[in-house]
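**Student:** To be precise about what I am sending: the file is called query_0.tsv and holds TSV, C-alpha atoms and all ligand atoms.
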```
chain	number	residue	atom	x	y	z
A	1	MET	CA	0.00	0.00	0.00
A	2	SER	CA	1.33	3.44	-0.86
A	3	ARG	CA	1.08	6.33	1.54
A	4	PHE	CA	-1.29	7.94	-0.98
A	5	LEU	CA	-4.19	5.48	-0.79
A	6	ASN	CA	-7.41	7.01	0.45
A	7	GLY	CA	-7.75	5.93	4.09
A	8	LYS	CA	-11.26	4.61	3.53
A	9	PHE	CA	-9.80	1.81	1.40
A	10	ALA	CA	-6.96	0.90	3.76
A	11	SER	CA	-8.77	-2.05	5.34
A	12	LEU	CA	-10.54	-3.23	2.19
A	13	GLU	CA	-10.33	-6.97	1.61
A	14	ALA	CA	-10.58	-7.65	-2.10
A	15	TYR	CA	-12.45	-10.55	-3.61
A	16	THR	CA	-10.29	-13.60	-4.30
A	17	PRO	CA	-11.09	-14.91	-7.78
A	18	GLY	CA	-10.82	-18.62	-8.48
A	19	GLU	CA	-7.42	-19.63	-9.81
A	20	GLN	CA	-6.81	-19.00	-13.51
A	21	PRO	CA	-3.47	-20.83	-13.74
A	22	GLN	CA	-1.31	-20.08	-16.74
A	23	ASP	CA	1.45	-22.62	-15.92
A	24	MET	CA	-0.10	-25.86	-17.12
A	25	GLN	CA	-3.27	-27.39	-18.56
A	26	TYR	CA	-5.64	-28.49	-15.84
A	27	VAL	CA	-8.98	-30.17	-16.04
A	28	LYS	CA	-10.50	-26.92	-14.94
A	29	LEU	CA	-13.53	-27.40	-12.72
A	30	ASN	CA	-13.00	-24.44	-10.39
A	31	THR	CA	-14.71	-21.31	-11.74
A	32	ASN	CA	-17.99	-22.53	-13.26
A	33	GLU	CA	-17.06	-21.68	-16.82
A	34	SER	CA	-18.70	-23.63	-19.63
A	35	PRO	CA	-16.65	-26.54	-20.98
A	36	TYR	CA	-18.17	-25.81	-24.40
A	37	PRO	CA	-17.06	-23.14	-26.87
A	38	PRO	CA	-19.42	-20.42	-28.10
A	39	ALA	CA	-21.84	-21.48	-30.87
A	40	PRO	CA	-20.45	-21.90	-34.41
A	41	GLN	CA	-22.51	-18.88	-35.54
A	42	VAL	CA	-20.82	-16.77	-32.85
A	43	LEU	CA	-17.37	-17.79	-34.06
A	44	LYS	CA	-18.46	-17.02	-37.61
A	45	THR	CA	-19.71	-13.59	-36.56
A	46	LEU	CA	-16.38	-12.92	-34.91
A	47	ALA	CA	-14.48	-13.88	-38.05
A	48	GLU	CA	-16.58	-11.45	-40.08
A	49	GLN	CA	-15.79	-8.44	-37.91
A	50	ASP	CA	-13.79	-5.60	-39.38
A	51	ILE	CA	-11.05	-5.02	-36.82
A	52	ALA	CA	-10.57	-1.51	-38.25
A	53	ASP	CA	-13.86	-0.64	-36.51
A	54	LEU	CA	-12.10	-0.97	-33.16
A	55	ARG	CA	-10.91	2.61	-33.67
A	56	LEU	CA	-14.53	3.62	-32.98
A	57	TYR	CA	-16.12	3.64	-29.55
A	58	SER	CA	-18.77	1.06	-28.81
A	59	ASP	CA	-22.44	2.10	-28.51
A	60	PRO	CA	-22.78	3.17	-24.86
A	61	ASP	CA	-26.53	2.42	-25.01
A	62	CYS	CA	-25.85	-1.14	-26.29
A	63	ALA	CA	-29.09	-0.65	-28.26
A	64	VAL	CA	-28.87	-3.61	-30.64
A	65	LEU	CA	-28.07	-6.05	-27.87
A	66	LYS	CA	-30.72	-4.57	-25.56
A	67	ARG	CA	-33.41	-4.98	-28.21
A	68	ALA	CA	-32.44	-8.60	-28.72
A	69	LEU	CA	-32.39	-9.25	-24.96
A	70	ALA	CA	-35.77	-7.52	-24.59
A	71	GLU	CA	-37.23	-9.82	-27.20
A	72	THR	CA	-35.65	-12.91	-25.64
A	73	TYR	CA	-37.00	-12.12	-22.19
A	74	GLY	CA	-40.35	-10.57	-23.19
A	75	VAL	CA	-39.65	-7.12	-21.75
A	76	GLU	CA	-38.97	-3.66	-23.21
A	77	LYS	CA	-35.60	-2.16	-24.07
A	78	GLU	CA	-35.90	0.33	-21.20
A	79	ASN	CA	-36.10	-2.59	-18.77
A	80	ILE	CA	-32.57	-3.73	-19.66
A	81	PHE	CA	-29.20	-2.65	-18.34
A	82	VAL	CA	-26.01	-3.94	-19.97
A	83	SER	CA	-22.55	-3.83	-18.44
A	84	ASN	CA	-19.06	-5.34	-18.33
A	85	GLY	CA	-19.92	-8.63	-16.63
A	86	SER	CA	-22.48	-9.04	-13.89
A	87	ASP	CA	-19.91	-8.25	-11.19
A	88	ASP	CA	-19.96	-4.76	-12.64
A	89	ILE	CA	-23.74	-4.65	-12.24
A	90	LEU	CA	-23.58	-5.92	-8.66
A	91	ASN	CA	-21.10	-3.14	-7.91
A	92	PHE	CA	-23.45	-0.49	-9.34
A	93	ALA	CA	-26.43	-2.02	-7.53
A	94	PHE	CA	-24.74	-1.91	-4.11
A	95	MET	CA	-23.65	1.66	-4.87
A	96	ALA	CA	-27.12	2.70	-6.02
A	97	PHE	CA	-29.46	0.87	-3.65
A	98	GLY	CA	-27.51	0.09	-0.48
A	99	GLU	CA	-28.12	3.29	1.47
A	100	ASN	CA	-30.20	1.57	4.18
A	101	GLY	CA	-27.93	-1.44	4.42
A	102	ALA	CA	-27.79	-4.75	2.63
A	103	ALA	CA	-28.76	-8.31	3.55
A	104	TYR	CA	-27.46	-11.53	2.02
A	105	PRO	CA	-26.79	-15.13	3.12
A	106	ASP	CA	-23.69	-16.14	5.12
A	107	ILE	CA	-22.87	-18.72	2.48
A	108	SER	CA	-23.16	-17.14	-0.94
A	109	TYR	CA	-21.19	-15.38	-3.64
A	110	GLY	CA	-18.04	-14.00	-2.01
A	111	PHE	CA	-18.26	-10.71	-3.85
A	112	TYR	CA	-21.35	-9.42	-1.97
A	113	PRO	CA	-19.51	-8.57	1.26
A	114	VAL	CA	-16.69	-7.00	-0.76
A	115	PHE	CA	-19.06	-4.61	-2.53
A	116	ALA	CA	-20.79	-3.84	0.75
A	117	ARG	CA	-17.49	-2.85	2.36
A	118	LEU	CA	-16.32	-0.97	-0.71
A	119	HIS	CA	-19.38	1.26	-0.53
A	120	ASN	CA	-19.46	1.40	3.25
A	121	ILE	CA	-22.80	-0.38	3.43
A	122	GLU	CA	-23.85	-1.96	6.68
A	123	SER	CA	-24.52	-5.66	6.14
A	124	THR	CA	-26.94	-8.08	7.70
A	125	VAL	CA	-25.52	-11.54	7.10
A	126	VAL	CA	-28.33	-14.10	7.29
A	127	PRO	CA	-27.29	-17.70	8.05
A	128	LEU	CA	-28.55	-20.40	5.73
A	129	LYS	CA	-30.63	-23.07	7.42
A	130	GLU	CA	-28.93	-26.22	8.70
A	131	ASP	CA	-29.51	-27.97	5.34
A	132	PHE	CA	-27.96	-25.00	3.48
A	133	SER	CA	-31.30	-23.80	2.12
A	134	ILE	CA	-32.44	-20.18	2.32
A	135	ASP	CA	-35.46	-19.48	4.53
A	136	PRO	CA	-37.32	-16.75	2.65
A	137	THR	CA	-39.03	-15.55	5.82
A	138	ASP	CA	-35.61	-14.50	7.17
A	139	TYR	CA	-35.71	-11.74	4.54
A	140	HIS	CA	-39.29	-10.59	5.07
A	141	GLY	CA	-39.69	-6.93	5.98
A	142	LEU	CA	-36.00	-6.09	6.29
A	143	ASN	CA	-36.32	-3.15	3.91
A	144	LYS	CA	-32.65	-3.24	3.03
A	145	LEU	CA	-31.04	-4.06	-0.28
A	146	ILE	CA	-31.54	-7.82	-0.41
A	147	VAL	CA	-29.11	-9.79	-2.54
A	148	ILE	CA	-29.72	-13.46	-3.22
A	149	ALA	CA	-28.07	-15.68	-5.81
A	150	ASN	CA	-30.76	-18.01	-7.15
A	151	PRO	CA	-29.63	-20.74	-7.51
A	152	ASN	CA	-27.27	-19.90	-4.68
A	153	ALA	CA	-23.53	-20.39	-4.96
A	154	PRO	CA	-21.67	-22.44	-3.88
A	155	THR	CA	-24.58	-24.62	-2.71
A	156	GLY	CA	-26.47	-24.84	-6.03
A	157	MET	CA	-29.80	-24.77	-4.16
A	158	ALA	CA	-32.65	-22.57	-5.34
A	159	LEU	CA	-35.70	-20.74	-4.01
A	160	THR	CA	-38.97	-21.07	-5.93
A	161	VAL	CA	-40.38	-18.07	-7.77
A	162	SER	CA	-43.17	-17.73	-5.21
A	163	GLN	CA	-40.64	-17.73	-2.37
A	164	VAL	CA	-38.76	-14.92	-4.12
A	165	GLU	CA	-42.07	-13.11	-4.66
A	166	SER	CA	-42.79	-13.25	-0.94
A	167	ILE	CA	-39.45	-11.51	-0.30
A	168	VAL	CA	-40.15	-8.88	-2.95
A	169	THR	CA	-43.65	-8.06	-1.67
A	170	SER	CA	-42.53	-7.82	1.95
A	171	ASN	CA	-39.75	-5.34	1.12
A	172	GLN	CA	-41.59	-2.79	-1.00
A	173	ASP	CA	-39.35	0.07	0.10
A	174	SER	CA	-36.07	-1.53	-0.92
A	175	VAL	CA	-34.56	-3.31	-3.88
A	176	VAL	CA	-34.45	-7.08	-4.03
A	177	LEU	CA	-31.64	-8.22	-6.31
A	178	ILE	CA	-31.84	-11.78	-7.60
A	179	ASP	CA	-28.54	-12.90	-9.11
A	180	GLU	CA	-29.48	-15.49	-11.74
A	181	ALA	CA	-25.95	-16.34	-12.92
A	182	TYR	CA	-26.90	-20.05	-12.87
A	183	VAL	CA	-30.58	-20.01	-13.71
A	184	ASP	CA	-30.20	-21.62	-17.15
A	185	PHE	CA	-29.13	-24.95	-15.66
A	186	GLY	CA	-32.59	-26.02	-14.57
A	187	GLY	CA	-33.85	-23.11	-12.49
A	188	THR	CA	-36.86	-20.85	-13.06
A	189	SER	CA	-36.21	-17.19	-13.78
A	190	CYS	CA	-37.88	-14.43	-11.78
A	191	VAL	CA	-37.84	-12.06	-14.77
A	192	PRO	CA	-41.66	-12.25	-15.20
A	193	LEU	CA	-42.02	-10.80	-11.68
A	194	THR	CA	-40.16	-7.64	-12.75
A	195	LYS	CA	-43.31	-6.57	-14.64
A	196	LYS	CA	-45.30	-6.64	-11.41
A	197	TYR	CA	-42.81	-5.20	-8.95
A	198	ASP	CA	-40.75	-2.04	-9.37
A	199	ASN	CA	-38.32	-3.11	-6.62
A	200	LEU	CA	-37.06	-6.33	-8.20
A	201	LEU	CA	-33.82	-6.43	-10.17
A	202	VAL	CA	-32.77	-9.66	-11.87
A	203	VAL	CA	-29.09	-9.90	-12.81
A	204	MET	CA	-27.75	-12.32	-15.42
A	205	THR	CA	-24.44	-13.08	-17.10
A	206	TYR	CA	-22.99	-14.50	-20.30
A	207	SER	CA	-20.17	-16.07	-18.30
A	208	LYS	CA	-21.70	-19.42	-17.41
A	209	SER	CA	-24.47	-20.78	-19.66
A	210	ARG	CA	-23.40	-18.69	-22.68
A	211	SER	CA	-19.71	-19.69	-22.76
A	212	MET	CA	-18.41	-16.10	-22.74
A	213	ALA	CA	-16.71	-15.56	-19.38
A	214	GLY	CA	-13.71	-14.06	-21.14
A	215	ALA	CA	-15.78	-11.57	-23.14
A	216	ARG	CA	-17.21	-9.90	-19.99
A	217	LEU	CA	-20.91	-9.33	-20.52
A	218	GLY	CA	-23.73	-9.10	-18.01
A	219	PHE	CA	-27.21	-7.62	-17.99
A	220	ALA	CA	-29.99	-6.79	-15.59
A	221	ILE	CA	-33.75	-6.68	-15.99
A	222	GLY	CA	-36.05	-4.51	-13.92
A	223	SER	CA	-38.41	-1.55	-13.89
A	224	SER	CA	-37.31	1.33	-16.13
A	225	ARG	CA	-36.62	3.54	-13.09
A	226	LEU	CA	-34.21	1.00	-11.59
A	227	ILE	CA	-32.48	0.72	-14.97
A	228	GLN	CA	-32.16	4.53	-15.17
A	229	ASP	CA	-30.47	4.53	-11.76
A	230	LEU	CA	-27.92	1.95	-12.89
A	231	ASP	CA	-27.33	3.93	-16.10
A	232	LEU	CA	-26.72	7.06	-14.05
A	233	LEU	CA	-23.84	5.30	-12.33
A	234	LYS	CA	-22.54	3.65	-15.49
A	235	TYR	CA	-22.52	6.98	-17.33
A	236	SER	CA	-20.76	8.52	-14.33
A	237	THR	CA	-18.07	5.84	-14.40
A	238	ASN	CA	-17.33	4.38	-17.83
A	239	PRO	CA	-20.07	4.69	-20.48
A	240	TYR	CA	-18.22	2.53	-23.03
A	241	ASN	CA	-17.63	-0.31	-20.63
A	242	VAL	CA	-18.73	-3.05	-23.05
A	243	ASN	CA	-16.46	-3.35	-26.07
A	244	ARG	CA	-17.64	-3.56	-29.67
A	245	LEU	CA	-16.73	-7.19	-30.23
A	246	THR	CA	-18.47	-8.31	-27.06
A	247	LEU	CA	-21.65	-6.41	-27.97
A	248	THR	CA	-21.74	-7.99	-31.42
A	249	LEU	CA	-21.05	-11.49	-30.10
A	250	GLY	CA	-23.60	-11.00	-27.34
A	251	LYS	CA	-26.28	-10.45	-29.99
A	252	ALA	CA	-25.06	-13.41	-32.09
A	253	THR	CA	-25.27	-15.59	-28.98
A	254	LEU	CA	-28.98	-14.85	-28.59
A	255	ASP	CA	-29.51	-15.84	-32.23
A	256	ALA	CA	-28.01	-19.26	-31.44
A	257	ALA	CA	-30.31	-20.01	-28.50
A	258	ASP	CA	-30.89	-23.64	-29.53
A	259	TYR	CA	-27.17	-24.41	-29.31
A	260	TYR	CA	-26.94	-23.09	-25.76
A	261	ARG	CA	-30.10	-24.87	-24.65
A	262	GLU	CA	-28.56	-28.10	-25.90
A	263	LYS	CA	-25.30	-27.46	-24.01
A	264	CYS	CA	-27.17	-26.63	-20.81
A	265	ALA	CA	-29.12	-29.89	-21.19
A	266	ALA	CA	-25.83	-31.77	-21.57
A	267	ILE	CA	-24.48	-30.15	-18.41
A	268	ILE	CA	-27.65	-31.03	-16.51
A	269	GLU	CA	-27.26	-34.65	-17.61
A	270	THR	CA	-23.57	-34.73	-16.68
A	271	ARG	CA	-24.45	-33.17	-13.32
A	272	ALA	CA	-26.84	-36.06	-12.61
A	273	TYR	CA	-24.20	-38.58	-13.70
A	274	THR	CA	-21.46	-37.00	-11.55
A	275	THR	CA	-23.79	-36.80	-8.57
A	276	ARG	CA	-24.65	-40.50	-8.84
A	277	GLU	CA	-20.98	-41.47	-9.13
A	278	LEU	CA	-19.99	-39.32	-6.15
A	279	GLU	CA	-22.78	-40.82	-4.07
A	280	LYS	CA	-21.48	-44.29	-4.92
A	281	LEU	CA	-18.14	-43.14	-3.48
A	282	GLY	CA	-19.83	-42.11	-0.26
A	283	PHE	CA	-20.08	-38.38	-0.91
A	284	ALA	CA	-22.99	-36.26	0.24
A	285	VAL	CA	-23.99	-33.98	-2.65
A	286	LEU	CA	-26.35	-31.02	-2.22
A	287	PRO	CA	-29.27	-30.91	-4.71
A	288	SER	CA	-28.02	-28.54	-7.43
A	289	THR	CA	-29.78	-26.62	-10.18
A	290	ALA	CA	-26.52	-24.96	-11.21
A	291	ASN	CA	-23.53	-25.98	-13.35
A	292	PHE	CA	-21.63	-27.11	-10.28
A	293	ILE	CA	-22.17	-29.36	-7.32
A	294	PHE	CA	-21.19	-28.95	-3.69
A	295	ALA	CA	-20.04	-32.17	-2.09
A	296	LYS	CA	-18.30	-33.61	0.94
A	297	LYS	CA	-17.26	-36.99	2.24
A	298	ASP	CA	-17.36	-37.62	5.98
A	299	GLY	CA	-13.92	-38.25	7.39
A	300	VAL	CA	-12.03	-36.78	4.43
A	301	ASP	CA	-10.81	-33.19	4.66
A	302	GLY	CA	-12.14	-30.96	1.85
A	303	GLY	CA	-8.85	-29.09	1.59
A	304	TYR	CA	-6.96	-32.37	1.26
A	305	ILE	CA	-9.13	-33.50	-1.66
A	306	TYR	CA	-8.61	-30.14	-3.35
A	307	GLU	CA	-4.80	-30.29	-2.93
A	308	GLN	CA	-4.50	-33.89	-4.06
A	309	LEU	CA	-6.64	-33.30	-7.14
A	310	LYS	CA	-4.59	-30.25	-8.05
A	311	LYS	CA	-1.40	-32.33	-7.89
A	312	ARG	CA	-3.06	-34.68	-10.34
A	313	GLY	CA	-4.03	-31.90	-12.74
A	314	VAL	CA	-7.67	-31.39	-11.71
A	315	LEU	CA	-8.73	-28.02	-10.29
A	316	ILE	CA	-11.84	-27.67	-8.13
A	317	ARG	CA	-12.80	-24.91	-5.68
A	318	HIS	CA	-12.32	-25.18	-1.93
A	319	PHE	CA	-13.44	-22.52	0.53
A	320	THR	CA	-11.84	-22.22	3.95
A	321	LYS	CA	-14.89	-20.68	5.66
A	322	GLN	CA	-15.59	-22.76	8.77
A	323	ARG	CA	-19.14	-23.78	7.90
A	324	ILE	CA	-18.24	-25.18	4.47
A	325	LYS	CA	-14.62	-26.23	4.83
A	326	ASP	CA	-15.50	-29.94	4.52
A	327	TYR	CA	-17.02	-29.29	1.11
A	328	ASN	CA	-15.69	-28.71	-2.38
A	329	ARG	CA	-17.42	-26.99	-5.25
A	330	ILE	CA	-17.00	-28.91	-8.48
A	331	THR	CA	-17.89	-27.31	-11.82
A	332	ILE	CA	-19.66	-29.65	-14.23
A	333	GLY	CA	-17.50	-30.07	-17.32
A	334	THR	CA	-17.86	-32.52	-20.18
A	335	LYS	CA	-18.53	-36.17	-19.33
A	336	GLU	CA	-14.90	-36.91	-20.27
A	337	GLN	CA	-13.61	-34.27	-17.85
A	338	MET	CA	-15.83	-35.61	-15.08
A	339	ASP	CA	-14.51	-39.12	-15.69
A	340	VAL	CA	-10.95	-37.85	-15.24
A	341	PHE	CA	-12.04	-36.09	-12.06
A	342	LEU	CA	-13.75	-39.23	-10.73
A	343	GLU	CA	-10.80	-41.44	-11.57
A	344	LYS	CA	-8.30	-39.15	-9.79
A	345	LEU	CA	-10.70	-38.82	-6.87
A	346	LYS	CA	-10.81	-42.62	-6.47
A	347	GLU	CA	-7.01	-42.65	-6.23
A	348	ILE	CA	-7.19	-40.16	-3.38
A	349	ILE	CA	-9.94	-41.50	-1.12
B	1	LIG	C1	-19.94	-16.05	-11.84
B	1	LIG	C2	-20.88	-15.23	-11.00
B	1	LIG	C3	-21.06	-13.87	-11.23
B	1	LIG	C4	-20.11	-13.09	-12.07
B	1	LIG	O1	-20.32	-13.11	-13.35
B	1	LIG	P1	-19.55	-12.17	-14.37
B	1	LIG	O2	-20.63	-11.82	-15.31
B	1	LIG	O3	-18.49	-13.03	-14.98
B	1	LIG	O4	-19.00	-10.96	-13.68
B	1	LIG	C5	-22.04	-13.21	-10.50
B	1	LIG	N1	-22.76	-13.83	-9.57
B	1	LIG	C6	-22.58	-15.12	-9.28
B	1	LIG	C7	-23.39	-15.76	-8.22
B	1	LIG	C8	-21.62	-15.85	-9.98
B	1	LIG	O5	-21.38	-17.11	-9.65
```
How does this structure look as structure tokens?

**Tutor:**
Amino acid sequence: MSRFLNGKFASLEAYTPGEQPQDMQYVKLNTNESPYPPAPQVLKTLAEQDIADLRLYSDPDCAVLKRALAETYGVEKENIFVSNGSDDILNFAFMAFGENGAAYPDISYGFYPVFARLHNIESTVVPLKEDFSIDPTDYHGLNKLIVIANPNAPTGMALTVSQVESIVTSNQDSVVLIDEAYVDFGGTSCVPLTKKYDNLLVVMTYSKSRSMAGARLGFAIGSSRLIQDLDLLKYSTNPYNVNRLTLTLGKATLDAADYYREKCAAIIETRAYTTRELEKLGFAVLPSTANFIFAKKDGVDGGYIYEQLKKRGVLIRHFTKQRIKDYNRITIGTKEQMDVFLEKLKEII
């Protein structure tokens, strides 16, 4: 730290991203990326781009992409916010709507507490129930910014739409943010509720189900007033924060919806297969509607499994937090990748 850093950031603890090792090829099951490449049409669109156009700024309104997203989700263009990955949107949302504090689960996406601290927002951390599910009534009437990943990470467990609705209706004076990063892997989206409630913001990303983590693209859906608030902050920070290529590929991705549906179906099938195989090995696996599973085996240290797999070229995610330190989060890859994972795992246990 230099002696010039603003004192208010001195005690900031940054988010720790999952490893992105550059040293060797791993079977990479640690950051919930898709094992599948973008659709052939997306690659074709990329090849057709005129790189000379990069001299021009991107459209700060992201109009073409917004129209396509609006059509996909059955909303209007003014209900859509587009930004540089959904982390970017979460940052703006904490900044915009966190004035009266924020509430989120104790076990959830590790970025929420980082954004809360960054913006000096008082946090209510709500413990998950014993079985790692969220009790919606814990969030009733808090009237703070409520942030819930649905399905939750790293558990993979989801609330129903009516459970989310009960949270939204009981917090009419605050924003309820539902982070649907993993909704395409068997969950049900709360987007239809955004037409009924002006305090619901649904956040989504291209990073998981749309195979574009490296392109950085996220979007949010909500009432036009909420979207205007997010735009106010985006236009006060970095209006061109989504690059031209990403905008174009984001649109091409929506045109290839069938391809992505097929890949999500494959991941769901591989998730069921991996779960069955792990259970045969004596693992307890939480019921997941995401592209990862959260699993532990009694009597075997979670950190040990992580280390031993890494030595054998397989990367998974281990968290040291007391309540979940026995567990590992395993991204669902291709069936072939999961077979390598299972084979190495058998060597270890
Ligand atoms: C991966 C993830 C994100 C971040 O997505 P980006 O669009 O890549 O920034 C947000 N929320 C949750 C719960 C995630 O798991």

**Student:** Using the file's own x, y and z axes, so that the box edges lie along x, y and z, what centre and edge lengths in Å (one decimal) does a box around every listed atom of range 153-167 of chain A get when 5 Å is added on each side? Give it as AutoDock Vina command-line options.

**Tutor:**
```
--center_x -32.4 --center_y -18.2 --center_z -4.0 --size_x 31.5 --size_y 23.3 --size_z 17.5
```

**Student:** With only C-alpha atoms as the counted atoms, please give the residues lying no more than 8 Å from range 16-26 of chain A, apart from itself and same-chain residues fewer than 4 positions off, as a list in words.

**Tutor:**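 Returned residues: Asn30, Thr31, Gly313, Val314, Leu315 and Arg317 of chain A.
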
**Student:** Restricting the output to C-alpha atoms, write the selected residues as a short mmCIF file (atom, residue, chain, number, x, y, z; two decimals), keeping the file's coordinate frame.

**Tutor:**
```cif
data_model
loop_
_atom_site.label_atom_id
_atom_site.label_comp_id
_atom_site.auth_asym_id
_atom_site.auth_seq_id
_atom_site.Cartn_x
_atom_site.Cartn_y
_atom_site.Cartn_z
CA ASN A 30 -13.00 -24.44 -10.39
CA THR A 31 -14.71 -21.31 -11.74
CA GLY A 313 -4.03 -31.90 -12.74
CA VAL A 314 -7.67 -31.39 -11.71
CA LEU A 315 -8.73 -28.02 -10.29
CA ARG A 317 -12.80 -24.91 -5.68
#
```

**Student:** Select, counting all atoms listed in the file, all protein, DNA and RNA residues no farther than 9 Å from (-24.6, -13.9, -25.6) in file coordinates, and express the selection as an MDAnalysis selection string.

**Tutor:** chainID A and resid 38 42 65 205:207 210:212 217 246:257

**Student:** Select the residues contacting ligand LIG 1 (chain B) at a distance of at most 7 Å, based on all atoms listed in the file, then format the selection as a list of chain:residue names.

**Tutor:**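 Using all atoms listed in the file, I find these residues within 7 Å of ligand LIG 1 (chain B): A:Asn32, A:Gly85, A:Ser86, A:Asp87, A:Asp88, A:Tyr109, A:Ala149, A:Asn152, A:Ala153, A:Asp179, A:Ala181, A:Thr205, A:Tyr206, A:Ser207, A:Lys208, A:Ala213, A:Arg216, A:Leu217, A:Gly218.
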
**Student:** Which residue is closest to Arg329 in chain A? Choose from A:Pro239, A:Gly187, A:Pro154, A:Pro287 and count only C-alpha atoms.

**Tutor:** A:Pro154

**Student:** With all atoms listed in the file as the atoms that count, which of A:Lys144, A:Arg323, A:Arg312, A:Lys195 lies nearest to Tyr104 in chain A?

**Tutor:**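 Between A:Lys144, A:Arg323, A:Arg312, A:Lys195, the residue approaching Tyr104 in chain A most closely is A:Lys144.
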